[in-house]
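Structure record follows, encoded as structure tokens.
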Amino acid sequence: MAPASLDQTCQTVCVMDASGRLGSTLVHRLLHRGYTVHAALQTHGEWENVQGMACKNKRLRVFHADPLDYHSIIDALKGCSGLFYCFEPPSDQPSYDEFMAEVEVRAAHNVLEACAQTDSIQKVVFTSSATAVLWRDEGANASSSSCCDVDERNWTDINFCKKFKLWHALSKTLAEKTAWAMAMDRGLNMVSINGGLLMGPELSITNPYLKGAAEMYENGVFVTVDLKFIVDAHICVFEDISSYGRYLSFNHVITCNKDALHLAHMLLPPSSQSSTTTPPHTHNNTQTQSLIIGLQCEFGGY
């Protein structure tokens with residue numbers, strides 16, 4: 001039996017931030033499904049692309065909404081029954097560091113408070129990350145969890161992240177915890193999508209998710225997700241009235257030599273691969289580990 005779903009006919013939803021790859025794809029997909037969409041972009045977003053879409057589709061409205069500016073969020077949410085929220089770092093701080101967690105927490109607090117003050121909001125889909133699930137202190141091994149005991153009930157250990165400078169995991173964990181605390185306190189209907197590493201041509205060595213890549217690979221929790229898969233997951237949990245809690249979203253786990261080598265070759269510059277490259281059909285575990293650890297060192301592993 002198909003799950004009970006919300007009727008999207010004439011329903012208006014907000015996507016924030018709509019300028020990123022996930023957000024902009026959500027906008028396209030929601031419009032295709034018949035929704036009216038408020039596309040909320042930050043000032044560093046790709047305004048031209050979304051404005052062009054708005055000129056061609058009367059069901060799309062474009063808003064400037066800074067997650068650190070409460071009033072701009074309120075404007076974007078007016079008349080919306082749902083919010084799809086995904087955080088994009090501000091243009092003056094594009095990379096994750098020890099201070100990004102404070103920014104993400106403030107943003108999550110503002111957005112959830114704005115939702116609580118918007119009477120029409122029925123549901124919030126909060127985009128988090130698998131990094132808010134995977135990391136905890138395993139004693140002497142001090143690494144990510146093993147693949148056999150990770151599910152949506154797990155939370156990344158904050159002190160572990162601080163110790164090993166896992167700033168992306170720290171930010172996502174604290175922001176999601178803040179969102180859940182606000183949702184419960186304000187009586188909001190919220191679900192979270194904890195996605196794996198988002199794959200695609202834009203993926204690069206600078207992606208902050210990759211901090212700890214070697215350890216995730218060794219422990220069988222290096223999960224990735226395709227764009228279409230995670231977009232469909234967002235819409236599915238929004239439309240299913242029985243959805244609740246957290247949802248780990250991934251459609252691949254990198255556990256074999258072939259997949260690890262493929263990812264490493266995608267991310268590492270040619271000079272970093274030359275010393276470990278061997279002829280086809282001669283790859284082994286040692287070489288795979290060398291490439292993954294090389295990836296980790298290149299990114300700044302612990």
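By convention in this document, the chains of the structure tokens carry letters A, B, ... by their order, each chain's residues are numbered from 1, and ligands are numbered from 1 in the order they are shown.
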Per-residue nearest contacts of range 63-107 of chain A to range 31-44 of chain A (12 Å; only C-alpha atoms) as JSON lines:
{"residue": "A:Phe63", "atom": "CA", "partner": "A:Ala40", "partner_atom": "CA", "distance": 4.7}
{"residue": "A:His64", "atom": "CA", "partner": "A:Leu41", "partner_atom": "CA", "distance": 5.1}
{"residue": "A:Ala65", "atom": "CA", "partner": "A:Ala40", "partner_atom": "CA", "distance": 5.3}
{"residue": "A:Asp66", "atom": "CA", "partner": "A:Gln42", "partner_atom": "CA", "distance": 5.2}
{"residue": "A:Pro67", "atom": "CA", "partner": "A:Gln42", "partner_atom": "CA", "distance": 8.0}
{"residue": "A:Leu68", "atom": "CA", "partner": "A:Gln42", "partner_atom": "CA", "distance": 10.0}
{"residue": "A:Asp69", "atom": "CA", "partner": "A:Gln42", "partner_atom": "CA", "distance": 10.3}
{"residue": "A:Ser72", "atom": "CA", "partner": "A:Ala40", "partner_atom": "CA", "distance": 9.2}
{"residue": "A:Ile73", "atom": "CA", "partner": "A:Ala40", "partner_atom": "CA", "distance": 8.2}
{"residue": "A:Ile74", "atom": "CA", "partner": "A:Ala40", "partner_atom": "CA", "distance": 10.8}
{"residue": "A:Asp75", "atom": "CA", "partner": "A:Ala40", "partner_atom": "CA", "distance": 9.6}
{"residue": "A:Ala76", "atom": "CA", "partner": "A:Ala40", "partner_atom": "CA", "distance": 6.3}
{"residue": "A:Leu77", "atom": "CA", "partner": "A:His38", "partner_atom": "CA", "distance": 7.6}
{"residue": "A:Lys78", "atom": "CA", "partner": "A:His38", "partner_atom": "CA", "distance": 9.1}
{"residue": "A:Gly79", "atom": "CA", "partner": "A:His38", "partner_atom": "CA", "distance": 9.4}
{"residue": "A:Cys80", "atom": "CA", "partner": "A:His38", "partner_atom": "CA", "distance": 7.9}
{"residue": "A:Ser81", "atom": "CA", "partner": "A:Thr36", "partner_atom": "CA", "distance": 10.3}
{"residue": "A:Gly82", "atom": "CA", "partner": "A:Val37", "partner_atom": "CA", "distance": 9.8}
{"residue": "A:Leu83", "atom": "CA", "partner": "A:His38", "partner_atom": "CA", "distance": 9.2}
{"residue": "A:Phe84", "atom": "CA", "partner": "A:Ala39", "partner_atom": "CA", "distance": 10.0}
{"residue": "A:Tyr85", "atom": "CA", "partner": "A:Ala40", "partner_atom": "CA", "distance": 9.6}
{"residue": "A:Cys86", "atom": "CA", "partner": "A:Ala40", "partner_atom": "CA", "distance": 10.6}
{"residue": "A:Phe87", "atom": "CA", "partner": "A:Gln42", "partner_atom": "CA", "distance": 10.1}
{"residue": "A:Glu88", "atom": "CA", "partner": "A:Gln42", "partner_atom": "CA", "distance": 8.5}
{"residue": "A:Pro89", "atom": "CA", "partner": "A:His44", "partner_atom": "CA", "distance": 9.5}
{"residue": "A:Pro90", "atom": "CA", "partner": "A:His44", "partner_atom": "CA", "distance": 7.3}
{"residue": "A:Ser91", "atom": "CA", "partner": "A:His44", "partner_atom": "CA", "distance": 5.9}
{"residue": "A:Asp92", "atom": "CA", "partner": "A:His44", "partner_atom": "CA", "distance": 9.2}
{"residue": "A:Gln93", "atom": "CA", "partner": "A:His44", "partner_atom": "CA", "distance": 11.2}
{"residue": "A:Pro94", "atom": "CA", "partner": "A:His44", "partner_atom": "CA", "distance": 10.4}
Problem - All strand (DSSP E or B) positions in range 137-271 of chain A, as a list in words - result: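 Answer for range 137-271 of chain A restricted to strand (DSSP E or B) is Ser144, Met190, Val191, Ser192, Ile193, Asn194, Gly195, Leu197, Leu198, Val223, Thr224, Val225, Asp240, Gly245, Arg246, Tyr247, Leu248, Ser249, His252 and Val253 of chain A.
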Exercise for the section: Go through A:Gly220, A:Pro201, A:Gly187, A:Gly20 and flag the residue nearest Leu134 in chain A, using only C-alpha atoms for the distances. Expected result: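 Nearest candidate to Leu134 in chain A out of A:Gly220, A:Pro201, A:Gly187, A:Gly20: A:Gly220.
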Practice task
Provide the CA of His71 in chain A to CA of Ser120 in chain A distance in Å, to one decimal place.
Solution key: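 So the two atoms, CA of His71 in chain A and CA of Ser120 in chain A, lie 16.4 Å apart.
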Handout entry: One-decimal distance in Å that lies between CA of Ser249 in chain A and CA of Gly196 in chain A
Key =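 Calculated distance between CA of Gly196 in chain A and CA of Ser249 in chain A is 6.3 Å.
If you look at CA of Trp180 in chain A and CA of His234 in chain A, they are 17.0 Å away from each other.
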Problem - Contact residues around His109 in chain A with only C-alpha atoms at 7 Å, ignoring same-chain residues under 5 positions, as a list of chain:residue names - result: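 With the cut-off at 7 Å, the set is A:Thr178, A:Ala179, A:Met182.
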Those residues with N, CA, C and O atoms, as a PDB file, in the first residue's frame please?
ATOM      1  N   THR A 178      20.245  21.580  17.529  1.00  0.00           N
ATOM      2  CA  THR A 178      19.545  22.839  17.792  1.00  0.00           C
ATOM      3  C   THR A 178      18.169  22.834  17.131  1.00  0.00           C
ATOM      4  O   THR A 178      17.169  23.228  17.740  1.00  0.00           O
ATOM      5  N   ALA A 179      18.127  22.382  15.876  1.00  0.00           N
ATOM      6  CA  ALA A 179      16.858  22.331  15.147  1.00  0.00           C
ATOM      7  C   ALA A 179      15.861  21.408  15.841  1.00  0.00           C
ATOM      8  O   ALA A 179      14.675  21.754  15.981  1.00  0.00           O
ATOM      9  N   MET A 182      14.552  23.063  19.012  1.00  0.00           N
ATOM     10  CA  MET A 182      13.577  24.098  18.678  1.00  0.00           C
ATOM     11  C   MET A 182      12.250  23.482  18.229  1.00  0.00           C
ATOM     12  O   MET A 182      11.168  23.934  18.625  1.00  0.00           O
TER      13      MET A 182
END
Practice task
Considering only C-alpha atoms, return as a ChimeraX atom specification whatever protein or nucleic-acid residues lie within 10 Å of Leu30 in chain A, sequence-local ones (same chain, fewer than 4 positions apart) excluded.
Solution key: /A:8,12-15,24-26,34-37,60,231-232,235
Practice task
Can you pull out every residue within 10 Å of Met199 in chain A, counting only C-alpha atoms, but drop anything in the same chain fewer than 3 positions away, and send it as an MDAnalysis selection string?
Solution key: chainID A and resid 196 202:204 224:227 263
For the residues in the current selection, export C-alpha atoms as a PDB file, in the first residue's frame.
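Result saved to part.pdb:
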ATOM      1  CA  GLY A 196      26.040  10.929   2.549  1.00  0.00           C
ATOM      2  CA  GLU A 202      31.303  19.585  -8.657  1.00  0.00           C
ATOM      3  CA  LEU A 203      32.801  17.215  -6.087  1.00  0.00           C
ATOM      4  CA  SER A 204      36.372  18.189  -5.206  1.00  0.00           C
ATOM      5  CA  THR A 224      27.684   8.553  -0.818  1.00  0.00           C
ATOM      6  CA  VAL A 225      24.453   9.710  -2.388  1.00  0.00           C
ATOM      7  CA  ASP A 226      23.403  10.738  -5.880  1.00  0.00           C
ATOM      8  CA  LEU A 227      21.584  14.034  -6.360  1.00  0.00           C
ATOM      9  CA  LEU A 263      36.791   8.136  -5.885  1.00  0.00           C
TER      10      LEU A 263
END
Exercise for the section: Return the single residue from A:Trp167, A:Tyr247, A:Phe229, A:Tyr217 that is closest to Leu261 in chain A, with distances computed using only C-alpha atoms. Expected result: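 Between A:Trp167, A:Tyr247, A:Phe229, A:Tyr217, the residue approaching Leu261 in chain A most closely is A:Tyr217.
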Exercise for the section: Give the answer as one residue: which of A:His265, A:Lys172, A:Arg61, A:Lys258 has the shortest atom-to-atom distance to Ala101 in chain A, using only C-alpha atoms? Expected result: A:Lys172
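The closest residue to Ser192 in chain A, picked from A:Leu210, A:Ile230, A:Leu267, A:Val125 and counting only C-alpha atoms, is A:Val125.
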Mind checking which residues fall within 7 Å of Ala130 in chain A, counting only C-alpha atoms, ignoring those fewer than 6 positions away in the same chain, and posting them as a PDB file with N, CA, C and O atoms, in the first residue's frame?
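Output contents, as saved in selection-v2.pdb:
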ATOM      1  N   ASN A 194      19.714  12.982   6.659  1.00  0.00           N
ATOM      2  CA  ASN A 194      21.147  12.927   6.933  1.00  0.00           C
ATOM      3  C   ASN A 194      21.838  12.246   5.760  1.00  0.00           C
ATOM      4  O   ASN A 194      21.973  11.027   5.719  1.00  0.00           O
ATOM      5  N   GLY A 195      22.252  13.056   4.797  1.00  0.00           N
ATOM      6  CA  GLY A 195      22.779  12.528   3.550  1.00  0.00           C
ATOM      7  C   GLY A 195      24.254  12.199   3.587  1.00  0.00           C
ATOM      8  O   GLY A 195      25.038  12.788   4.342  1.00  0.00           O
ATOM      9  N   GLY A 196      24.633  11.257   2.728  1.00  0.00           N
ATOM     10  CA  GLY A 196      26.040  10.929   2.549  1.00  0.00           C
ATOM     11  C   GLY A 196      26.725  11.979   1.692  1.00  0.00           C
ATOM     12  O   GLY A 196      26.158  13.034   1.382  1.00  0.00           O
ATOM     13  N   LEU A 248      18.639   8.504   7.382  1.00  0.00           N
ATOM     14  CA  LEU A 248      19.932   8.394   6.709  1.00  0.00           C
ATOM     15  C   LEU A 248      19.677   8.199   5.219  1.00  0.00           C
ATOM     16  O   LEU A 248      18.913   7.301   4.834  1.00  0.00           O
TER      17      LEU A 248
END
